[in-house]
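Undergrad: What follows is my_file_34.cif; its format and atoms are mmCIF, C-alpha atoms.
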data_model
loop_
_atom_site.group_PDB
_atom_site.id
_atom_site.type_symbol
_atom_site.label_atom_id
_atom_site.label_comp_id
_atom_site.auth_asym_id
_atom_site.auth_seq_id
_atom_site.Cartn_x
_atom_site.Cartn_y
_atom_site.Cartn_z
ATOM 1 C CA MET S 21 34.524 96.695 104.352
ATOM 2 C CA PRO S 22 31.317 98.743 103.987
ATOM 3 C CA GLN S 23 29.536 98.793 100.645
ATOM 4 C CA ASP S 24 29.178 101.905 98.594
ATOM 5 C CA PRO S 25 25.584 103.263 98.903
ATOM 6 C CA ALA S 26 25.345 103.377 95.083
ATOM 7 C CA GLU S 27 25.959 99.617 94.856
ATOM 8 C CA ARG S 28 23.312 98.673 97.419
ATOM 9 C CA ARG S 29 20.182 97.028 95.996
ATOM 10 C CA VAL S 30 16.863 98.637 96.671
ATOM 11 C CA THR S 31 13.623 96.676 96.557
ATOM 12 C CA VAL S 32 10.700 98.683 95.346
ATOM 13 C CA THR S 33 7.258 97.427 96.263
ATOM 14 C CA GLY S 34 3.976 98.714 95.055
ATOM 15 C CA PRO S 35 0.370 97.766 94.808
ATOM 16 C CA PRO S 36 -0.263 94.535 92.902
ATOM 17 C CA ARG S 37 -0.947 94.967 89.241
ATOM 18 C CA ARG S 38 -4.493 94.412 88.140
ATOM 19 C CA THR S 39 -4.938 91.336 86.008
ATOM 20 C CA ARG S 40 -8.335 92.450 84.780
ATOM 21 C CA ARG S 41 -8.907 95.299 82.421
ATOM 22 C CA ALA S 42 -10.942 98.367 83.179
ATOM 23 C CA SER S 43 -14.224 97.882 84.977
ATOM 24 C CA GLY S 44 -16.124 98.235 81.698
ATOM 25 C CA TYR S 45 -14.497 95.111 80.255
ATOM 26 C CA TYR S 46 -17.078 92.440 79.512
ATOM 27 C CA ARG S 47 -16.245 88.760 80.104
ATOM 28 C CA PRO S 48 -19.030 86.286 79.424
ATOM 29 C CA ARG S 49 -16.861 83.357 80.541
ATOM 30 C CA THR S 50 -16.572 84.903 83.992
ATOM 31 C CA GLU S 51 -20.338 85.296 84.095
ATOM 32 C CA ILE S 52 -20.712 81.580 83.370
ATOM 33 C CA ASP S 53 -18.017 80.516 85.865
ATOM 34 C CA GLU S 54 -19.538 82.620 88.624
ATOM 35 C CA GLN S 55 -23.024 81.327 87.758
ATOM 36 C CA THR S 56 -24.597 84.743 87.514
ATOM 37 C CA THR S 57 -27.972 85.372 85.924
ATOM 38 C CA LEU S 58 -26.311 86.427 82.685
ATOM 39 C CA GLY S 59 -24.123 83.316 82.660
ATOM 40 C CA HIS S 60 -27.200 81.196 83.276
ATOM 41 C CA THR S 61 -28.840 82.880 80.281
ATOM 42 C CA TYR S 62 -25.873 82.042 78.067
ATOM 43 C CA VAL S 63 -25.923 78.386 79.069
ATOM 44 C CA ARG S 64 -29.696 78.167 78.660
ATOM 45 C CA SER S 65 -29.428 79.598 75.148
ATOM 46 C CA LEU S 66 -26.967 76.828 74.246
ATOM 47 C CA MET S 67 -29.243 74.225 75.795
ATOM 48 C CA ARG S 68 -32.255 75.580 73.877
ATOM 49 C CA SER S 69 -30.430 75.473 70.566
ATOM 50 C CA GLN S 70 -29.264 71.903 71.260
ATOM 51 C CA LEU S 71 -32.807 70.930 72.241
ATOM 52 C CA ARG S 72 -34.198 72.413 69.008
ATOM 53 C CA ALA S 73 -31.714 70.397 66.966
ATOM 54 C CA GLY S 74 -32.573 67.219 68.886
ATOM 55 C CA LEU S 75 -36.312 67.729 68.494
ATOM 56 C CA ALA S 76 -35.921 68.415 64.777
ATOM 57 C CA ALA S 77 -33.953 65.189 64.364
ATOM 58 C CA LEU S 78 -36.566 63.307 66.390
ATOM 59 C CA ALA S 79 -39.380 64.707 64.226
ATOM 60 C CA VAL S 80 -37.632 63.652 61.024
ATOM 61 C CA LEU S 81 -36.970 60.222 62.532
ATOM 62 C CA GLY S 82 -40.650 59.908 63.425
ATOM 63 C CA LEU S 83 -41.655 60.842 59.881
ATOM 64 C CA LEU S 84 -39.255 58.273 58.458
ATOM 65 C CA VAL S 85 -40.000 55.355 60.759
ATOM 66 C CA GLY S 86 -43.566 56.106 61.888
ATOM 67 C CA PRO S 87 -45.428 55.216 58.675
ATOM 68 C CA LEU S 88 -43.503 51.974 58.130
ATOM 69 C CA PRO S 89 -45.833 49.726 60.195
ATOM 70 C CA LEU S 90 -48.805 51.064 58.221
ATOM 71 C CA LEU S 91 -46.963 50.445 54.969
ATOM 72 C CA PHE S 92 -46.046 46.919 56.002
ATOM 73 C CA ALA S 93 -49.599 46.186 57.214
ATOM 74 C CA ALA S 94 -50.959 47.284 53.814
ATOM 75 C CA MET S 95 -48.745 44.689 52.096
ATOM 76 C CA PRO S 96 -48.870 41.547 54.263
ATOM 77 C CA ASP S 97 -47.199 39.210 51.753
ATOM 78 C CA ALA S 98 -44.163 41.350 50.959
ATOM 79 C CA ARG S 99 -41.603 40.092 53.514
ATOM 80 C CA ARG S 100 -38.665 40.670 51.183
ATOM 81 C CA LEU S 101 -39.828 44.245 50.553
ATOM 82 C CA GLU S 102 -39.938 44.873 54.296
ATOM 83 C CA TRP S 103 -36.347 43.751 54.729
ATOM 84 C CA ALA S 104 -35.234 45.748 51.712
ATOM 85 C CA VAL S 105 -36.919 48.891 53.026
ATOM 86 C CA LEU S 106 -35.520 48.411 56.529
ATOM 87 C CA GLY S 107 -32.051 47.351 55.397
ATOM 88 C CA PHE S 108 -31.385 49.600 52.446
ATOM 89 C CA GLY S 109 -34.104 52.216 52.170
ATOM 90 C CA LEU S 110 -33.976 53.390 55.765
ATOM 91 C CA TYR S 111 -30.281 53.050 56.548
ATOM 92 C CA ALA S 112 -29.032 55.867 54.303
ATOM 93 C CA PRO S 113 -31.571 58.468 55.539
ATOM 94 C CA LEU S 114 -30.780 57.566 59.158
ATOM 95 C CA VAL S 115 -27.061 57.981 58.571
ATOM 96 C CA LEU S 116 -27.675 61.346 56.889
ATOM 97 C CA LEU S 117 -29.939 62.429 59.743
ATOM 98 C CA ALA S 118 -27.323 61.436 62.331
ATOM 99 C CA ARG S 119 -24.636 63.281 60.395
ATOM 100 C CA TRP S 120 -26.814 66.408 60.165
ATOM 101 C CA TYR S 121 -27.515 66.303 63.910
ATOM 102 C CA VAL S 122 -23.856 65.937 64.893
ATOM 103 C CA ARG S 123 -22.799 68.770 62.602
ATOM 104 C CA ARG S 124 -25.597 70.992 63.929
ATOM 105 C CA ALA S 125 -24.690 70.261 67.559
ATOM 106 C CA GLU S 126 -21.008 70.972 66.902
ATOM 107 C CA ARG S 127 -21.898 74.227 65.152
ATOM 108 C CA ASN S 128 -24.048 75.288 68.121
ATOM 109 C CA GLU S 129 -21.172 74.594 70.499
ATOM 110 C CA ARG S 130 -18.665 76.363 68.256
ATOM 111 C CA ASP S 131 -20.913 79.441 68.117
ATOM 112 C CA PHE S 132 -21.276 79.350 71.896
ATOM 113 C CA VAL S 133 -17.515 79.145 72.413
ATOM 114 C CA ARG S 134 -17.006 82.078 70.037
ATOM 115 C CA LEU S 135 -19.535 84.036 72.055
ATOM 116 C CA VAL S 136 -17.906 83.497 75.429
ATOM 117 C CA GLU S 137 -14.199 83.321 74.626
ATOM 118 C CA ASP S 138 -11.927 86.157 75.618
ATOM 119 C CA ARG S 139 -11.007 88.448 72.789
#
What is this structure when it is put down as structure tokens?
TA:
Amino acid sequence: MPQDPAERRVTVTGPPRRTRRASGYYRPRTEIDEQTTLGHTYVRSLMRSQLRAGLAALAVLGLLVGPLPLLFAAMPDARRLEWAVLGFGLYAPLVLLARWYVRRAERNERDFVRLVEDR
């Protein structure tokens, strides 16, 4: 029994749909994935900002710890003072410095992700 031509299924094929938007659409993530010059610039800007934060933390650490041997040499008989300075006086600033550095590094990464994410 032949089928009615109206009931026959027809498959329509066409060109594949474009997954990307118009050619003017800007995607920084693609630039980074494809390792173009622009993508390299984005990554280097993140690395520079992380390096600045690390060097700032290192400078503060040097200012905190660097003068301590001179201070201890000026007071040779103050062993208890040395332990108090090292144990209590230096611990809190180091913890605060570490906390500042971690928050700064996370903020740099968050800003970078906001810059390159698809909108």
Undergrad: For the PyMOL selection byres ((chain S and resi 62) around 9), applied here, can you spell out every residue it catches as a list in words?
TA: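 Checked against the file, the PyMOL selection byres ((chain S and resi 62) around 9) matches Pro48, Glu51, Ile52, Thr57, Leu58, Gly59, His60, Thr61, Val63, Arg64, Ser65, Leu66, Met67, Phe132, Leu135 and Val136 of chain S.
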Undergrad: Can you give me, as JSON, numbers by chain, the residues this file yields under the PyMOL selection byres ((chain S and resi 115-121) around 8)?
TA: {"S": [73, 74, 77, 80, 81, 111, 112, 113, 114, 122, 123, 124, 125]}
Undergrad: One number please: atom CA of S:Leu110 to atom CA of S:Pro89, in Å, one decimal.
TA: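 Value for the atom CA of S:Leu110-atom CA of S:Pro89 distance: 13.2 Å.
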Undergrad: Could you work out how far atom CA of S:Leu90 lies from atom CA of S:Gly109, giving the answer in Å with one decimal?
TA: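 Taking atom CA of S:Gly109 and atom CA of S:Leu90, their separation equals 15.9 Å.
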Undergrad: Hey, can you check how far atom CA of S:Trp103 sits from atom CA of S:Leu78?
TA: 22.8 Å
